[in-house]
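Down below is the structure, laid out as structure tokens.
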Amino acid sequence: MATLEIKDLHVSVVADEAEKEILSGVNLTIKAGETHAIMGPNGSGKSTLSYAVAGHPKYTVTSGEVLLDGENVLDMSVDERARAGLFLAMQYPVEVPGVSMSNFLRTAATAVRGEAPKLRTWVKEVKEAMSSLDIDPAFAERSVNEGFSGGEKKRHEILQLGLLQPKIAILDETDSGLDVDALRVVSEGVNSYRASGEVGVMLITHYTRILKYIKPDFVHVFAGGRIVESGGPELADQLENEGYVRFTGKREEAVAK
């Protein structure tokens, strides 16, 4: 059973030619079969956590550990982390001009699975996965995310999630920019992934609306670069009613939208 352990993680970035600490000692353990929702106001460090774990070069880990099944992923390159079983769905997926979705997905699957999937079964697998996410089959030959709407980009990321089947999925504000219908489809894709095996999910969000579709086992409040409170799904309901004011000292906009 997969386990992701984040131990006393401190992360800094360079801003205005000076190093600024963003994460100030994050501790979190995600086990297979668990979904952890990370909630908090804008600027609290939620996205920094996701990118630091995935290996974004902008973020410098100054101390702490990130262990996947006992191995320190901080010693791995970005592609090694992906092959080890980490997956990051980005808040703002990047465009990859000149690389078709079909080639990108098969190349990624080959890297993760250790061998190229047989073409006939792979084509069927991709078509079924695209259909479940209401993705037009014509998108398979389009360049990755080029000219895609926000919702189309998010569906493509969940398509990758379903096909690659990572041990641990980190979903950074997957609900951002989605209308109600797209939110439902994307959430169903995440739920299908969760039901497919012993996998863990870190779901980063600012609002509670996605939690109506993807039910978390644990909810953590992020403020000031660390987890300041943890609880069950009832904590999300509390945040919806009260906001983050007791954690930040200032009133945020309503948590639910």
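Order determines the names: the first chain of the structure tokens is A, the second B, and so forth; residues in each chain are numbered 1 upward, and ligands are numbered 1 upward as they are shown.
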For range 194-207 of chain A: contacts at 8 Å, only C-alpha atoms, fewer than 4 positions along chain excluded, given as a ChimeraX atom specification
/A:1-3,30-42,46-47,166-175,190,240,255-257
Run DSSP on the backbone of this structure and report the residues of range 6-188 of chain A it assigns to helix (DSSP H, G or I), as number ranges by chain.
A: 46-54, 73-75, 78-84, 101-113, 119-132, 137-141, 150-164, 180-188
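Shortest separation to Gly151 in chain A among A:Asp75, A:Glu229, A:Asp181, A:Asp136 occurs at residue A:Asp181, atoms counted being only C-alpha atoms.
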Hey, what's within 9 Å of His156 in chain A if we count only C-alpha atoms and toss same-chain stuff fewer than 3 positions away? As a short mmCIF file (atom, residue, chain, number, x, y, z; two decimals) with C-alpha atoms, in the first residue's frame, please?
```cif
data_model
loop_
_atom_site.label_atom_id
_atom_site.label_comp_id
_atom_site.auth_asym_id
_atom_site.auth_seq_id
_atom_site.Cartn_x
_atom_site.Cartn_y
_atom_site.Cartn_z
CA MET A 101 -2.30 14.32 -27.10
CA MET A 130 -11.97 10.06 -23.31
CA LEU A 133 -14.77 12.48 -19.61
CA ILE A 135 -13.68 14.61 -24.51
CA VAL A 144 -1.39 19.16 -25.79
CA ASN A 145 -3.55 21.92 -24.25
CA GLY A 151 -12.30 23.02 -18.64
CA GLU A 152 -10.79 21.07 -21.54
CA LYS A 153 -7.33 21.35 -19.99
CA LEU A 159 -7.57 11.70 -18.55
CA GLN A 160 -3.85 11.36 -17.79
CA LEU A 161 -4.67 10.46 -14.20
#
```
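When the distance limit is 12 Å and only C-alpha atoms are what count, the residues near Gln238 in chain A, minus those fewer than 2 positions from it on the same chain, are Met39, Thr208, Val219, His220, Val221, Glu229, Ser230, Gly231, Gly232, Pro233, Glu234, Leu235, Ala236, Glu240, Asn241, Glu242, Gly243, Tyr244, Val245, Arg246, Ala254, Val255 and Ala256 of chain A.
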I need the chosen residues saved as a tab-separated table (two decimals), in the first residue's frame, with N, CA and C atoms.
```tsv
chain	number	residue	atom	x	y	z
A	39	MET	N	-7.15	22.83	2.36
A	39	MET	CA	-7.91	24.05	2.14
A	39	MET	C	-7.22	25.22	2.83
A	208	THR	N	-15.30	24.89	-1.21
A	208	THR	CA	-15.84	23.59	-0.79
A	208	THR	C	-16.69	22.91	-1.87
A	219	VAL	N	-9.67	16.63	6.21
A	219	VAL	CA	-9.58	18.01	5.75
A	219	VAL	C	-8.52	18.72	6.60
A	220	HIS	N	-7.61	19.43	5.91
A	220	HIS	CA	-6.54	20.15	6.60
A	220	HIS	C	-6.61	21.63	6.22
A	221	VAL	N	-6.49	22.50	7.21
A	221	VAL	CA	-6.48	23.93	6.97
A	221	VAL	C	-5.03	24.40	6.86
A	229	GLU	N	-4.76	23.17	11.28
A	229	GLU	CA	-5.83	22.38	11.89
A	229	GLU	C	-6.21	21.24	10.95
A	230	SER	N	-6.55	20.10	11.52
A	230	SER	CA	-6.99	18.95	10.73
A	230	SER	C	-8.25	18.36	11.34
A	231	GLY	N	-9.05	17.73	10.50
A	231	GLY	CA	-10.27	17.11	10.98
A	231	GLY	C	-10.90	16.28	9.89
A	232	GLY	N	-12.15	15.92	10.08
A	232	GLY	CA	-12.88	15.15	9.10
A	232	GLY	C	-13.66	16.07	8.16
A	233	PRO	N	-14.57	15.52	7.36
A	233	PRO	CA	-15.34	16.32	6.42
A	233	PRO	C	-16.11	17.46	7.08
A	234	GLU	N	-16.43	17.30	8.36
A	234	GLU	CA	-17.17	18.36	9.05
A	234	GLU	C	-16.38	19.66	9.13
A	235	LEU	N	-15.05	19.57	9.06
A	235	LEU	CA	-14.23	20.78	9.10
A	235	LEU	C	-14.47	21.63	7.86
A	236	ALA	N	-14.69	20.99	6.71
A	236	ALA	CA	-15.00	21.74	5.48
A	236	ALA	C	-16.33	22.48	5.63
A	240	GLU	N	-16.94	26.51	5.38
A	240	GLU	CA	-17.95	27.09	4.49
A	240	GLU	C	-18.77	28.14	5.23
A	241	ASN	N	-19.05	27.87	6.50
A	241	ASN	CA	-19.88	28.78	7.29
A	241	ASN	C	-19.08	29.95	7.87
A	242	GLU	N	-17.82	29.70	8.23
A	242	GLU	CA	-17.06	30.70	8.98
A	242	GLU	C	-15.91	31.33	8.21
A	243	GLY	N	-15.48	30.71	7.09
A	243	GLY	CA	-14.32	31.21	6.38
A	243	GLY	C	-13.03	30.90	7.12
A	244	TYR	N	-11.98	31.63	6.79
A	244	TYR	CA	-10.65	31.36	7.36
A	244	TYR	C	-10.20	32.40	8.39
A	245	VAL	N	-11.14	33.25	8.79
A	245	VAL	CA	-10.76	34.40	9.61
A	245	VAL	C	-10.06	34.01	10.91
A	246	ARG	N	-10.47	32.90	11.54
A	246	ARG	CA	-9.85	32.56	12.82
A	246	ARG	C	-8.44	31.99	12.65
A	254	ALA	N	-16.28	34.49	0.97
A	254	ALA	CA	-16.94	33.24	1.34
A	254	ALA	C	-16.21	32.05	0.76
A	255	VAL	N	-16.10	30.99	1.54
A	255	VAL	CA	-15.38	29.80	1.09
A	255	VAL	C	-16.15	29.07	0.01
A	256	ALA	N	-17.46	29.06	0.11
A	256	ALA	CA	-18.28	28.33	-0.86
A	256	ALA	C	-18.70	29.25	-1.99
```
Of the residues A:Leu211, A:Gly177, A:Asn191, A:Gly147, which is the one nearest to Val96 in chain A, using only C-alpha atoms?
A:Gly147
With distances taken over only C-alpha atoms, which residue among A:His10, A:Arg113, A:Arg83, A:Lys154 lies nearest Val61 in chain A?
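Distance minimum relative to Val61 in chain A lands on A:His10.
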At a cut-off of 10 Å, using only C-alpha atoms, what residues contact Met76 in chain A? Leave out same-chain residues fewer than 6 positions from it and give the result as an MDAnalysis selection string.
chainID A and resid 54:55 82 84
With N, CA and C atoms retained, could you export that selection as a short mmCIF file (atom, residue, chain, number, x, y, z; two decimals), in the first residue's frame?
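Saved as selection.cif:
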```cif
data_model
loop_
_atom_site.label_atom_id
_atom_site.label_comp_id
_atom_site.auth_asym_id
_atom_site.auth_seq_id
_atom_site.Cartn_x
_atom_site.Cartn_y
_atom_site.Cartn_z
N ALA A 54 6.40 17.83 -6.28
CA ALA A 54 6.58 17.35 -7.66
C ALA A 54 7.97 17.66 -8.21
N GLY A 55 8.67 18.66 -7.62
CA GLY A 55 10.03 18.94 -8.06
C GLY A 55 10.21 20.16 -8.93
N ALA A 82 7.73 10.96 -11.14
CA ALA A 82 6.54 10.52 -11.87
C ALA A 82 6.54 9.01 -12.06
N ALA A 84 7.99 6.91 -10.20
CA ALA A 84 7.84 6.28 -8.88
C ALA A 84 6.39 6.23 -8.43
#
```
Point-to-point distance from CA of Ile6 in chain A to CA of Lys215 in chain A, Å rounded to tenths:
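Distance reported for this atom pair: 22.1 Å.
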Near Arg81 in chain A, counting only C-alpha atoms, which residues have an atom at most 12 Å away, once you skip same-chain residues fewer than 4 positions from it, shown as JSON, numbers by chain?
{"A": [4, 51, 52, 53, 54, 55, 56, 66, 67, 68, 69, 71, 72, 73, 74, 75, 76, 77, 85, 86, 87, 88, 111, 112, 166, 167, 168, 169]}
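Taking only C-alpha atoms, the non-local environment of Lys7 in chain A within 9 Å (same-chain residues fewer than 6 positions away omitted) comprises A:Gly25, A:Val26, A:Asn27, A:Leu28, A:Thr29, A:Gly64, A:Glu65, A:Val66, A:Leu67.
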Atoms to include: C-alpha atoms. Write the selected residues as a short mmCIF file (atom, residue, chain, number, x, y, z; two decimals), in the first residue's frame.
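Produced file again.cif, reproduced below:
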```cif
data_model
loop_
_atom_site.label_atom_id
_atom_site.label_comp_id
_atom_site.auth_asym_id
_atom_site.auth_seq_id
_atom_site.Cartn_x
_atom_site.Cartn_y
_atom_site.Cartn_z
CA GLY A 25 7.31 22.98 8.53
CA VAL A 26 4.59 20.95 6.80
CA ASN A 27 3.77 17.52 8.21
CA LEU A 28 1.31 15.27 6.38
CA THR A 29 0.88 11.55 5.73
CA GLY A 64 12.58 18.22 5.64
CA GLU A 65 11.72 15.02 3.82
CA VAL A 66 9.16 13.78 1.31
CA LEU A 67 8.98 9.99 1.34
#
```
Tell me which of A:Glu5, A:Ile210, A:Ser187, A:Ser176 sits closest to Gly70 in chain A, counting only C-alpha atoms.
A:Glu5
Given only C-alpha atoms as the counted atoms, nearest of A:Lys127, A:Thr110, A:Leu49, A:Lys58 to Ala15 in chain A:
A:Lys58
